[in-house]
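target20.pdb (PDB, C-alpha atoms and all ligand atoms) appears below.
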ATOM      1  CA  MET A 203       0.000   0.000   0.000
ATOM      2  CA  SER A 204       1.303   3.409  -1.022
ATOM      3  CA  GLU A 205       1.965   6.034   1.668
ATOM      4  CA  SER A 206       1.909   8.864  -0.874
ATOM      5  CA  LYS A 207      -0.147  11.956  -0.238
ATOM      6  CA  ILE A 208      -1.980  12.878  -3.412
ATOM      7  CA  THR A 209      -4.074  15.961  -4.032
ATOM      8  CA  VAL A 210      -6.698  16.031  -6.771
ATOM      9  CA  VAL A 211      -7.945  19.438  -7.885
ATOM     10  CA  GLY A 212     -11.066  18.967  -9.950
ATOM     11  CA  SER A 213     -14.740  18.443 -10.571
ATOM     12  CA  LEU A 214     -17.539  16.926  -8.516
ATOM     13  CA  ASN A 215     -20.671  15.923 -10.439
ATOM     14  CA  MET A 216     -23.812  13.946  -9.922
ATOM     15  CA  ASP A 217     -24.159  11.613 -12.907
ATOM     16  CA  LEU A 218     -27.704  11.229 -14.266
ATOM     17  CA  VAL A 219     -27.275   7.977 -16.133
ATOM     18  CA  VAL A 220     -29.609   6.626 -18.815
ATOM     19  CA  VAL A 221     -29.010   3.093 -20.076
ATOM     20  CA  THR A 222     -30.198   2.485 -23.605
ATOM     21  CA  ASP A 223     -29.800  -0.014 -26.467
ATOM     22  CA  GLN A 224     -29.293   2.765 -28.978
ATOM     23  CA  HIS A 225     -28.363   6.435 -28.964
ATOM     24  CA  PRO A 226     -31.102   8.708 -30.376
ATOM     25  CA  GLU A 227     -30.614  10.566 -33.663
ATOM     26  CA  ILE A 228     -31.074  14.350 -33.626
ATOM     27  CA  GLY A 229     -34.845  15.014 -33.332
ATOM     28  CA  GLU A 230     -35.621  11.409 -32.368
ATOM     29  CA  THR A 231     -37.235  10.185 -29.131
ATOM     30  CA  ILE A 232     -36.493   6.667 -27.932
ATOM     31  CA  ILE A 233     -37.446   4.621 -24.857
ATOM     32  CA  GLY A 234     -34.498   3.974 -22.544
ATOM     33  CA  LYS A 235     -33.933   0.864 -20.398
ATOM     34  CA  ASP A 236     -32.895   2.245 -17.024
ATOM     35  CA  PHE A 237     -32.114   5.433 -15.102
ATOM     36  CA  THR A 238     -29.951   6.009 -12.046
ATOM     37  CA  THR A 239     -28.072   8.799 -10.269
ATOM     38  CA  THR A 240     -24.540   8.146  -9.095
ATOM     39  CA  SER A 241     -21.588  10.251  -7.925
ATOM     40  CA  GLY A 242     -19.193  11.211 -10.702
ATOM     41  CA  GLY A 243     -17.102  14.018 -12.109
ATOM     42  CA  LYS A 244     -13.692  13.318 -13.606
ATOM     43  CA  GLY A 245     -11.932  14.777 -10.577
ATOM     44  CA  ALA A 246     -13.994  12.825  -8.067
ATOM     45  CA  ASN A 247     -13.663   9.592 -10.043
ATOM     46  CA  GLN A 248      -9.891   9.939 -10.148
ATOM     47  CA  ALA A 249      -9.817  10.590  -6.408
ATOM     48  CA  VAL A 250     -11.882   7.455  -5.783
ATOM     49  CA  ALA A 251      -9.565   5.409  -8.033
ATOM     50  CA  LEU A 252      -6.574   6.642  -6.028
ATOM     51  CA  ARG A 253      -8.260   5.931  -2.709
ATOM     52  CA  GLN A 254      -9.297   2.412  -3.738
ATOM     53  CA  LEU A 255      -5.635   1.747  -4.497
ATOM     54  CA  GLY A 256      -4.687   2.712  -0.949
ATOM     55  CA  ASN A 257      -3.524   6.319  -1.221
ATOM     56  CA  ASP A 258      -3.959   9.231   1.165
ATOM     57  CA  VAL A 259      -6.172  11.504  -0.983
ATOM     58  CA  THR A 260      -7.176  15.131  -0.519
ATOM     59  CA  PHE A 261      -9.624  16.790  -2.893
ATOM     60  CA  ILE A 262      -9.950  20.456  -3.763
ATOM     61  CA  GLY A 263     -13.319  21.066  -5.425
ATOM     62  CA  ARG A 264     -16.757  22.503  -4.758
ATOM     63  CA  VAL A 265     -20.347  21.368  -4.438
ATOM     64  CA  GLY A 266     -23.501  23.457  -4.777
ATOM     65  CA  GLU A 267     -26.329  24.127  -2.356
ATOM     66  CA  ASP A 268     -28.522  21.081  -3.060
ATOM     67  CA  LEU A 269     -29.084  17.432  -2.180
ATOM     68  CA  TYR A 270     -26.603  16.241  -4.824
ATOM     69  CA  GLY A 271     -23.916  18.243  -3.048
ATOM     70  CA  THR A 272     -24.778  16.683   0.321
ATOM     71  CA  GLU A 273     -24.675  13.203  -1.214
ATOM     72  CA  ILE A 274     -21.284  13.841  -2.818
ATOM     73  CA  VAL A 275     -19.783  15.067   0.473
ATOM     74  CA  GLU A 276     -21.135  11.966   2.266
ATOM     75  CA  ASN A 277     -19.727   9.717  -0.458
ATOM     76  CA  PHE A 278     -16.230  11.162   0.058
ATOM     77  CA  LYS A 279     -16.514  10.830   3.842
ATOM     78  CA  SER A 280     -17.530   7.194   3.616
ATOM     79  CA  ARG A 281     -14.542   6.488   1.371
ATOM     80  CA  GLY A 282     -12.018   8.349   3.535
ATOM     81  CA  ILE A 283     -11.241  11.052   0.970
ATOM     82  CA  LYS A 284     -10.516  14.416   2.588
ATOM     83  CA  LEU A 285     -12.464  17.268   1.009
ATOM     84  CA  ALA A 286     -10.497  20.474   1.615
ATOM     85  CA  ASP A 287     -13.684  22.568   1.736
ATOM     86  CA  GLU A 288     -17.175  21.126   1.951
ATOM     87  CA  THR A 289     -19.007  24.468   2.209
ATOM     88  CA  PRO A 290     -21.509  24.608  -0.676
ATOM     89  CA  VAL A 291     -21.434  27.513  -3.112
ATOM     90  CA  GLU A 292     -24.504  29.593  -2.173
ATOM     91  CA  ASN A 293     -27.398  29.648  -4.654
ATOM     92  CA  VAL A 294     -25.510  27.508  -7.147
ATOM     93  CA  SER A 295     -26.276  23.934  -8.223
ATOM     94  CA  THR A 296     -23.864  21.059  -7.926
ATOM     95  CA  GLY A 297     -22.317  20.025 -11.251
ATOM     96  CA  ILE A 298     -24.253  17.387 -13.129
ATOM     97  CA  ALA A 299     -23.472  15.075 -16.021
ATOM     98  CA  CYS A 300     -26.094  13.586 -18.346
ATOM     99  CA  VAL A 301     -24.535  10.240 -19.183
ATOM    100  CA  THR A 302     -25.956   7.933 -21.854
ATOM    101  CA  VAL A 303     -24.659   4.389 -21.602
ATOM    102  CA  GLY A 304     -25.255   2.120 -24.587
ATOM    103  CA  HIS A 305     -23.411  -0.097 -27.063
ATOM    104  CA  LYS A 306     -20.603  -0.665 -24.532
ATOM    105  CA  ASP A 307     -19.754   3.032 -24.784
ATOM    106  CA  ASN A 308     -21.025   6.314 -23.417
ATOM    107  CA  SER A 309     -21.643   9.953 -24.286
ATOM    108  CA  ILE A 310     -21.740  12.741 -21.727
ATOM    109  CA  ILE A 311     -22.945  16.332 -21.441
ATOM    110  CA  ILE A 312     -21.916  18.204 -18.312
ATOM    111  CA  VAL A 313     -23.303  21.338 -16.696
ATOM    112  CA  PRO A 314     -20.468  22.625 -14.472
ATOM    113  CA  GLY A 315     -22.497  24.441 -11.752
ATOM    114  CA  ALA A 316     -20.323  24.759  -8.634
ATOM    115  CA  ASN A 317     -17.261  23.432 -10.492
ATOM    116  CA  GLU A 318     -16.980  26.902 -12.075
ATOM    117  CA  TYR A 319     -16.299  28.246  -8.591
ATOM    118  CA  VAL A 320     -13.072  26.282  -8.238
ATOM    119  CA  THR A 321     -11.266  29.527  -9.025
ATOM    120  CA  PRO A 322      -7.594  30.471  -8.591
ATOM    121  CA  GLU A 323      -8.683  32.413  -5.467
ATOM    122  CA  PHE A 324     -10.299  29.267  -4.045
ATOM    123  CA  LEU A 325      -7.167  27.260  -4.810
ATOM    124  CA  GLU A 326      -5.050  29.937  -3.140
ATOM    125  CA  ILE A 327      -7.029  29.434   0.102
ATOM    126  CA  HIS A 328      -6.260  25.708   0.029
ATOM    127  CA  LYS A 329      -2.817  25.779  -1.543
ATOM    128  CA  ASN A 330      -1.119  24.217   1.478
ATOM    129  CA  GLU A 331      -2.800  20.929   0.549
ATOM    130  CA  VAL A 332      -1.039  21.137  -2.806
ATOM    131  CA  LEU A 333       2.283  22.150  -1.260
ATOM    132  CA  ASN A 334       2.171  19.164   1.118
ATOM    133  CA  SER A 335       1.545  16.660  -1.670
ATOM    134  CA  ASP A 336       3.820  14.072  -3.255
ATOM    135  CA  TYR A 337       1.821  14.223  -6.477
ATOM    136  CA  VAL A 338      -1.033  16.319  -7.897
ATOM    137  CA  LEU A 339      -3.658  15.392 -10.478
ATOM    138  CA  THR A 340      -6.131  17.622 -12.299
ATOM    139  CA  GLN A 341      -8.517  17.691 -15.314
ATOM    140  CA  LEU A 342     -10.334  20.373 -17.313
ATOM    141  CA  GLU A 343     -13.845  20.404 -15.810
ATOM    142  CA  ILE A 344     -12.778  23.403 -13.705
ATOM    143  CA  PRO A 345     -11.694  26.861 -14.986
ATOM    144  CA  ILE A 346      -8.488  26.791 -17.043
ATOM    145  CA  GLU A 347      -7.141  29.752 -14.997
ATOM    146  CA  THR A 348      -7.183  27.483 -11.957
ATOM    147  CA  VAL A 349      -5.306  24.731 -13.776
ATOM    148  CA  ASP A 350      -2.800  27.370 -14.873
ATOM    149  CA  TYR A 351      -2.293  28.576 -11.303
ATOM    150  CA  LEU A 352      -1.997  24.985 -10.097
ATOM    151  CA  ALA A 353       0.692  24.399 -12.734
ATOM    152  CA  THR A 354       2.612  27.413 -11.405
ATOM    153  CA  LEU A 355       2.316  26.223  -7.798
ATOM    154  CA  CYS A 356       3.542  22.757  -8.736
ATOM    155  CA  ARG A 357       6.450  23.995 -10.860
ATOM    156  CA  GLU A 358       7.638  26.498  -8.247
ATOM    157  CA  ASN A 359       7.541  23.842  -5.550
ATOM    158  CA  GLU A 360       8.813  20.938  -7.669
ATOM    159  CA  ILE A 361       5.685  18.867  -7.146
ATOM    160  CA  PRO A 362       4.886  16.506 -10.011
ATOM    161  CA  LEU A 363       1.598  17.300 -11.760
ATOM    162  CA  ILE A 364      -0.448  15.211 -14.168
ATOM    163  CA  VAL A 365      -2.967  17.074 -16.314
ATOM    164  CA  ASN A 366      -5.732  14.937 -17.798
ATOM    165  CA  PRO A 367      -6.996  17.278 -20.566
ATOM    166  CA  ALA A 368     -10.614  16.141 -20.433
ATOM    167  CA  PRO A 369     -12.738  17.587 -21.839
ATOM    168  CA  ALA A 370     -10.115  18.993 -24.253
ATOM    169  CA  ALA A 371      -9.638  22.758 -24.191
ATOM    170  CA  ALA A 372      -6.945  25.250 -25.122
ATOM    171  CA  LEU A 373      -4.184  25.043 -22.518
ATOM    172  CA  THR A 374      -1.687  27.743 -21.596
ATOM    173  CA  ASP A 375       2.028  27.521 -22.375
ATOM    174  CA  ASN A 376       2.576  27.520 -18.620
ATOM    175  CA  ILE A 377       0.469  24.369 -18.198
ATOM    176  CA  LEU A 378       2.308  22.578 -21.006
ATOM    177  CA  GLU A 379       5.705  23.637 -19.699
ATOM    178  CA  SER A 380       5.011  23.011 -16.013
ATOM    179  CA  CYS A 381       3.195  19.670 -16.001
ATOM    180  CA  THR A 382       5.032  16.369 -15.647
ATOM    181  CA  TYR A 383       2.684  14.415 -17.908
ATOM    182  CA  ILE A 384      -0.417  15.179 -19.943
ATOM    183  CA  THR A 385      -2.836  12.305 -20.628
ATOM    184  CA  PRO A 386      -5.292  12.873 -23.508
ATOM    185  CA  ASN A 387      -7.246  10.116 -25.189
ATOM    186  CA  ARG A 388      -6.921   9.914 -28.980
ATOM    187  CA  LEU A 389      -9.786  12.307 -29.639
ATOM    188  CA  GLU A 390      -8.555  14.798 -27.053
ATOM    189  CA  LEU A 391      -5.074  14.676 -28.593
ATOM    190  CA  GLN A 392      -6.544  15.613 -31.995
ATOM    191  CA  GLN A 393      -8.433  18.473 -30.367
ATOM    192  CA  LEU A 394      -5.292  19.628 -28.521
ATOM    193  CA  GLU A 395      -3.359  19.559 -31.804
ATOM    194  CA  SER A 396      -5.854  22.033 -33.257
ATOM    195  CA  TYR A 397      -5.371  24.392 -30.288
ATOM    196  CA  HIS A 398      -1.598  23.878 -30.055
ATOM    197  CA  PRO A 399       0.026  23.081 -33.410
ATOM    198  CA  ASN A 400       3.307  22.720 -31.457
ATOM    199  CA  ILE A 401       1.941  20.169 -28.958
ATOM    200  CA  MET A 402       4.317  17.491 -30.246
ATOM    201  CA  ASP A 403       7.216  19.607 -28.939
ATOM    202  CA  PHE A 404       6.030  18.204 -25.614
ATOM    203  CA  LYS A 405       6.052  14.593 -26.830
ATOM    204  CA  HIS A 406       8.117  13.453 -23.858
ATOM    205  CA  LYS A 407       5.217  14.434 -21.559
ATOM    206  CA  ILE A 408       2.363  12.983 -23.601
ATOM    207  CA  ILE A 409       0.672   9.706 -22.678
ATOM    208  CA  VAL A 410      -2.226   8.812 -24.984
ATOM    209  CA  THR A 411      -4.997   6.462 -23.871
ATOM    210  CA  ASP A 412      -6.376   4.466 -26.769
ATOM    211  CA  GLY A 413      -9.385   2.510 -25.482
ATOM    212  CA  LYS A 414      -9.093  -1.224 -25.922
ATOM    213  CA  GLU A 415      -5.756  -0.735 -27.697
ATOM    214  CA  GLY A 416      -4.181   0.323 -24.375
ATOM    215  CA  CYS A 417      -2.010   3.422 -24.362
ATOM    216  CA  TYR A 418       1.228   4.801 -25.756
ATOM    217  CA  TYR A 419       3.952   7.241 -24.879
ATOM    218  CA  TYR A 420       7.202   8.472 -26.447
ATOM    219  CA  ASN A 421      10.581   7.319 -25.200
ATOM    220  CA  GLU A 422      13.789   9.395 -24.992
ATOM    221  CA  ASN A 423      14.438   8.707 -28.710
ATOM    222  CA  ASN A 424      10.983  10.105 -29.558
ATOM    223  CA  GLU A 425       9.783   6.623 -30.544
ATOM    224  CA  GLU A 426       6.187   5.624 -29.840
ATOM    225  CA  VAL A 427       6.024   2.885 -27.188
ATOM    226  CA  ARG A 428       2.763   0.921 -26.986
ATOM    227  CA  VAL A 429       1.544  -0.589 -23.723
ATOM    228  CA  LYS A 430      -1.033  -3.298 -24.296
ATOM    229  CA  SER A 431      -4.492  -3.442 -22.839
ATOM    230  CA  PHE A 432      -6.228  -6.356 -21.104
ATOM    231  CA  LYS A 433      -9.366  -8.220 -22.116
ATOM    232  CA  ALA A 434     -12.493  -7.303 -20.171
ATOM    233  CA  GLU A 435     -16.226  -8.011 -20.242
ATOM    234  CA  VAL A 436     -17.470  -4.469 -20.814
ATOM    235  CA  VAL A 437     -20.498  -3.371 -18.774
ATOM    236  CA  ASP A 438     -19.908   0.399 -18.590
ATOM    237  CA  THR A 439     -16.905   2.394 -19.796
ATOM    238  CA  THR A 440     -17.849   5.552 -17.835
ATOM    239  CA  GLY A 441     -14.876   6.508 -15.671
ATOM    240  CA  ALA A 442     -12.388   4.092 -17.298
ATOM    241  CA  GLY A 443     -10.118   6.982 -18.285
ATOM    242  CA  ASP A 444     -10.405   8.387 -14.763
ATOM    243  CA  CYS A 445      -9.440   5.025 -13.334
ATOM    244  CA  PHE A 446      -6.396   4.961 -15.636
ATOM    245  CA  ASN A 447      -5.301   8.427 -14.481
ATOM    246  CA  GLY A 448      -5.772   7.670 -10.794
ATOM    247  CA  ALA A 449      -3.864   4.411 -11.120
ATOM    248  CA  LEU A 450      -1.076   6.135 -13.039
ATOM    249  CA  VAL A 451      -0.526   8.713 -10.306
ATOM    250  CA  SER A 452      -0.759   6.000  -7.662
ATOM    251  CA  GLU A 453       2.053   3.995  -9.274
ATOM    252  CA  LEU A 454       4.296   6.887 -10.286
ATOM    253  CA  SER A 455       4.086   8.377  -6.816
ATOM    254  CA  SER A 456       5.237   5.102  -5.311
ATOM    255  CA  GLY A 457       8.353   5.185  -7.486
ATOM    256  CA  LYS A 458       7.415   2.751 -10.263
ATOM    257  CA  SER A 459       8.809   3.296 -13.769
ATOM    258  CA  LEU A 460       6.555   4.856 -16.398
ATOM    259  CA  LYS A 461       6.259   1.541 -18.303
ATOM    260  CA  GLU A 462       5.326  -0.440 -15.189
ATOM    261  CA  SER A 463       2.889   2.277 -14.100
ATOM    262  CA  LEU A 464       1.168   2.232 -17.479
ATOM    263  CA  GLU A 465       0.782  -1.570 -17.459
ATOM    264  CA  PHE A 466      -0.806  -1.309 -14.024
ATOM    265  CA  SER A 467      -3.069   1.561 -15.166
ATOM    266  CA  ASN A 468      -4.245  -0.392 -18.220
ATOM    267  CA  ALA A 469      -5.127  -3.328 -15.970
ATOM    268  CA  ALA A 470      -6.956  -1.001 -13.570
ATOM    269  CA  GLY A 471      -8.883   0.549 -16.469
ATOM    270  CA  ALA A 472      -9.832  -2.907 -17.773
ATOM    271  CA  SER A 473     -11.128  -3.874 -14.343
ATOM    272  CA  SER A 474     -13.194  -0.681 -14.035
ATOM    273  CA  VAL A 475     -15.282  -1.325 -17.168
ATOM    274  CA  THR A 476     -16.626  -4.622 -15.818
ATOM    275  CA  LYS A 477     -18.971  -2.823 -13.374
ATOM    276  CA  PHE A 478     -21.732  -0.253 -13.811
ATOM    277  CA  GLY A 479     -21.110   3.356 -12.707
ATOM    278  CA  ALA A 480     -18.060   5.591 -12.835
ATOM    279  CA  GLN A 481     -16.963   5.048  -9.230
ATOM    280  CA  SER A 482     -18.331   1.638  -8.291
ATOM    281  CA  GLY A 483     -15.966  -0.020 -10.770
ATOM    282  CA  MET A 484     -12.762   1.459  -9.335
ATOM    283  CA  PRO A 485     -10.676  -1.594  -8.385
ATOM    284  CA  ARG A 486      -8.653  -2.379  -5.286
ATOM    285  CA  ARG A 487      -4.941  -3.092  -5.702
ATOM    286  CA  GLU A 488      -5.452  -6.879  -5.300
ATOM    287  CA  GLU A 489      -7.946  -6.902  -8.196
ATOM    288  CA  VAL A 490      -5.499  -5.115 -10.493
ATOM    289  CA  LEU A 491      -2.622  -7.390  -9.493
ATOM    290  CA  LYS A 492      -4.795 -10.425 -10.256
ATOM    291  CA  ILE A 493      -5.408  -9.171 -13.809
ATOM    292  CA  LEU A 494      -1.668  -8.594 -14.275
ATOM    293  CA  GLU A 495      -0.763 -12.035 -12.871
ATOM    294  CA  GLU A 496      -3.306 -13.909 -14.948
ATOM    295  CA  ALA A 497      -2.202 -12.119 -18.109
ATOM    296  CA  GLU A 498       1.386 -13.100 -17.338
ATOM    297  CA  TYR A 499       0.334 -16.705 -16.695
ATOM    298  CA  LYS A 500      -1.474 -16.913 -20.064
ATOM    299  CA  ASN A 501       1.682 -15.827 -21.917
TER     300      ASN A 501
HETATM  301  O1  LIG B 601     -15.175  10.539 -17.009
HETATM  302  C1  LIG B 601     -16.492  10.241 -16.617
HETATM  303  C2  LIG B 601     -17.103  11.428 -15.938
HETATM  304  O2  LIG B 601     -17.204  12.483 -16.856
HETATM  305  C3  LIG B 601     -18.495  11.212 -15.421
HETATM  306  O3  LIG B 601     -18.530  10.710 -14.111
HETATM  307  C4  LIG B 601     -19.143  12.578 -15.565
HETATM  308  O4  LIG B 601     -19.458  13.193 -14.355
HETATM  309  C5  LIG B 601     -18.162  13.415 -16.389
HETATM  310  O5  LIG B 601     -17.482  14.318 -15.621
END
Would you write out, as structure tokens, the structure that this file holds?
Ligand code: RIB
Amino acid sequence: MSESKITVVGSLNMDLVVVTDQHPEIGETIIGKDFTTTSGGKGANQAVALRQLGNDVTFIGRVGEDLYGTEIVENFKSRGIKLADETPVENVSTGIACVTVGHKDNSIIIVPGANEYVTPEFLEIHKNEVLNSDYVLTQLEIPIETVDYLATLCRENEIPLIVNPAPAAALTDNILESCTYITPNRLELQQLESYHPNIMDFKHKIIVTDGKEGCYYYNENNEEVRVKSFKAEVVDTTGAGDCFNGALVSELSSGKSLKESLEFSNAAGASSVTKFGAQSGMPRREEVLKILEEAEYKN
């Protein structure tokens, strides 16, 4: 079990999940199969992934003044994740995500709500959590100015930072220069390339997740190195990328090599898709190790 202290700065959402056999066309109405609400948000999911793997996790984020917010705070408490500030943003709703799960894939629309109030000023109030961390992880469901300030804090204090650019948005040069790694999926990488034609100057920091193909990164000779994925019975892919990112920080912070960390993260991601819901699929360390061992045995 890792003793690392990790801080996640990011989003807290309530996921409103519809399960369906088919996605509707524009202008079409269809009958869905099931509906449920479950805690989500890329930031929260990554924090849960880290916690499940045995890390000491602090979260900097905000909820709104509603029942979703109360539920999210309770969820973190029950999991032993420290929320730096649980005071709701007055007269503002908690972030929500409309998630459609179907065809072993998902599509998501988010309404940020209180996540927009994770401002640089809010981060400043809680910056000691960042400064006392071994590793920091963030995503782009909070204002980009906050991610930029976080990047500055981490660079000035030599704290490694992973930026998961989801959903993709224009970054600042400071973010690109200050982060340790950036982890887009294939689509997000294409989007980032349109915002930053020079993004490949940062090849050495880029780790691309590629669904069932696993992931890849670039070695010191600028060569693409592929890390294979693991077979899984897919139930719900929501949160698989978040699981990957949490697992990656977990392993890197405990001193594992990048290659080893990515193999572990692929196995964690494969485990996460076998259960319904973004957070309920986040595996424990033993479950990930079992996937790795069995894969080794088969070879
Ligand atoms: O990555 C999955 C997450 O994206 C969901 O939990 C949803 O809240 C959105 O933020």
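Distances to Pro322 in chain A were evaluated for A:Ser473, A:Arg281, A:Ile361, A:Val211 using all atoms listed in the file, and the minimum falls at A:Val211.
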- line: Restricting to all atoms listed in the file, whichever of A:Gly304, A:Gly242, A:Gly266, A:Pro314 is closest to ligand LIG 601 (chain B) is A:Gly242
query: To one decimal place, how far is CA of Phe324 in chain A from CA of Asn247 in chain A in Å?
result: 20.8 Å
Proximity check chain A to ligand LIG 601 (chain B), 6 Å, nearest pairs one decimal Å, all atoms listed in the file, as a Markdown table:
| residue | atom | partner | partner_atom | distance |
| --- | --- | --- | --- | --- |
| A:Asn215 | CA | B:LIG601 | O4 | 4.9 |
| A:Asp217 | CA | B:LIG601 | O4 | 5.2 |
| A:Gly242 | CA | B:LIG601 | O3 | 3.5 |
| A:Gly243 | CA | B:LIG601 | O4 | 3.4 |
| A:Lys244 | CA | B:LIG601 | O5 | 4.4 |
| A:Ala299 | CA | B:LIG601 | O4 | 4.7 |
| A:Thr440 | CA | B:LIG601 | C1 | 5.0 |
| A:Gly441 | CA | B:LIG601 | C1 | 4.2 |
| A:Asp444 | CA | B:LIG601 | O1 | 5.7 |
| A:Ala480 | CA | B:LIG601 | O3 | 5.3 |
task: Determine, counting all atoms listed in the file, which protein, DNA and RNA residues have an atom within 8 Å of an atom of Lys306 in chain A; residues of the same chain fewer than 4 positions away are not included. Present the result as an MDAnalysis selection string.
output: chainID A and resid 436:439
Using the selection just defined, write its residues with C-alpha atoms as a CSV table (one decimal), in the frame of the given file.
chain,number,residue,atom,x,y,z
A,436,VAL,CA,-17.5,-4.5,-20.8
A,437,VAL,CA,-20.5,-3.4,-18.8
A,438,ASP,CA,-19.9,0.4,-18.6
A,439,THR,CA,-16.9,2.4,-19.8
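With only C-alpha atoms as the atoms that count, the residue of A:Leu333, A:Thr240, A:Ser380, A:Val210 with the shortest distance to Asp350 in chain A is A:Ser380.
If you look at CA of Glu489 in chain A and CA of Ala368 in chain A, they are 26.2 Å away from each other.
The residues caught by the PyMOL selection byres (((chain A and resi 433) around 12) and not hetatm) in this file are Gly413, Lys414, Glu415, Gly416, Lys430, Ser431, Phe432, Ala434, Glu435, Val436, Asn468, Ala469, Ala470, Gly471, Ala472, Ser473, Ser474, Val475, Thr476, Ile493, Leu494, Glu496, Ala497 and Lys500 of chain A.
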On this structure, which residues satisfy the PyMOL selection byres (((chain A and resi 341) around 8) and not hetatm), written as a PDB file with C-alpha atoms, in the coordinates of the input?
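Below is the file expr-v8.pdb, written as the result:
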ATOM      1  CA  VAL A 211      -7.945  19.438  -7.885  1.00  0.00           C
ATOM      2  CA  GLY A 212     -11.066  18.967  -9.950  1.00  0.00           C
ATOM      3  CA  SER A 213     -14.740  18.443 -10.571  1.00  0.00           C
ATOM      4  CA  LYS A 244     -13.692  13.318 -13.606  1.00  0.00           C
ATOM      5  CA  GLY A 245     -11.932  14.777 -10.577  1.00  0.00           C
ATOM      6  CA  LEU A 339      -3.658  15.392 -10.478  1.00  0.00           C
ATOM      7  CA  THR A 340      -6.131  17.622 -12.299  1.00  0.00           C
ATOM      8  CA  LEU A 342     -10.334  20.373 -17.313  1.00  0.00           C
ATOM      9  CA  GLU A 343     -13.845  20.404 -15.810  1.00  0.00           C
ATOM     10  CA  ILE A 344     -12.778  23.403 -13.705  1.00  0.00           C
ATOM     11  CA  VAL A 349      -5.306  24.731 -13.776  1.00  0.00           C
ATOM     12  CA  VAL A 365      -2.967  17.074 -16.314  1.00  0.00           C
ATOM     13  CA  ASN A 366      -5.732  14.937 -17.798  1.00  0.00           C
ATOM     14  CA  PRO A 367      -6.996  17.278 -20.566  1.00  0.00           C
ATOM     15  CA  ALA A 368     -10.614  16.141 -20.433  1.00  0.00           C
ATOM     16  CA  PRO A 369     -12.738  17.587 -21.839  1.00  0.00           C
TER      17      PRO A 369
END
- prompt: Looking at A:Leu464, A:Ile377, A:Val303, A:Leu269, which one is nearest to Leu218 in chain A, with distances taken over only C-alpha atoms?
  reply: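 Nearest to Leu218 in chain A: A:Val303.
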- prompt: Smallest atom-to-atom distance to Glu426 in chain A: which of A:Cys356, A:Ile409, A:Leu378, A:Val291, using all atoms listed in the file?
  reply: A:Ile409
task: Write out as a ChimeraX atom specification each polymer residue whose atoms come within 6 Å of Leu255 in chain A, counting only C-alpha atoms; drop sequence neighbours fewer than 3 positions from it.
output: /A:252,486-487
- request: Would you translate the PyMOL selection byres (((chain A and resi 389-398) around 8) and not hetatm) into the concrete set of residues it matches in this file, as a list in words?
  value: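 Checked against the file, the PyMOL selection byres (((chain A and resi 389-398) around 8) and not hetatm) matches Pro367, Ala368, Pro369, Ala370, Ala371, Ala372, Leu373, Pro386, Asn387, Arg388, Pro399, Asn400, Ile401 and Val410 of chain A.
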task: Could you check which of A:Gly448, A:Thr374, A:Lys329, A:Ile311 is closest to Val259 in chain A, using only C-alpha atoms?
output: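 Among the listed residues, A:Gly448 lies closest to Val259 in chain A.
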Non-local contacts of Glu360 in chain A (12 Å; only C-alpha atoms; under 4 positions in same chain excluded) as a list of chain:residue names: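 Answer for this query is A:Val332, A:Leu333, A:Asn334, A:Ser335, A:Asp336, A:Tyr337, A:Val338, A:Leu352, A:Ala353, A:Thr354, A:Leu355, A:Cys356, A:Ser380, A:Cys381, A:Thr382.
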message: To one decimal place in Å, what is the distance between CA of Tyr418 in chain A and CA of Glu347 in chain A?
response: 28.4 Å
Give me the box for range 422-432 of chain A as JSON, namely the centre and edge lengths in Å to one decimal of a box along x, y and z that holds every listed atom plus 3 Å on each side.
{"center_x": 4.1, "center_y": 1.9, "center_z": -25.8, "size_x": 26.7, "size_y": 22.5, "size_z": 15.4}
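Near Ile408 in chain A, within 8 Å and counting all atoms listed in the file, sit Tyr383, Ile384, Thr385, Pro386, Phe404, Tyr419 and Tyr420 of chain A; same-chain residues fewer than 4 positions away were not included.
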- request: May I have the residues within 12 Å of Ile232 in chain A as an MDAnalysis selection string, using all atoms listed in the file and disregarding those fewer than 4 positions away in the same chain?
  value: chainID A and resid 220:228
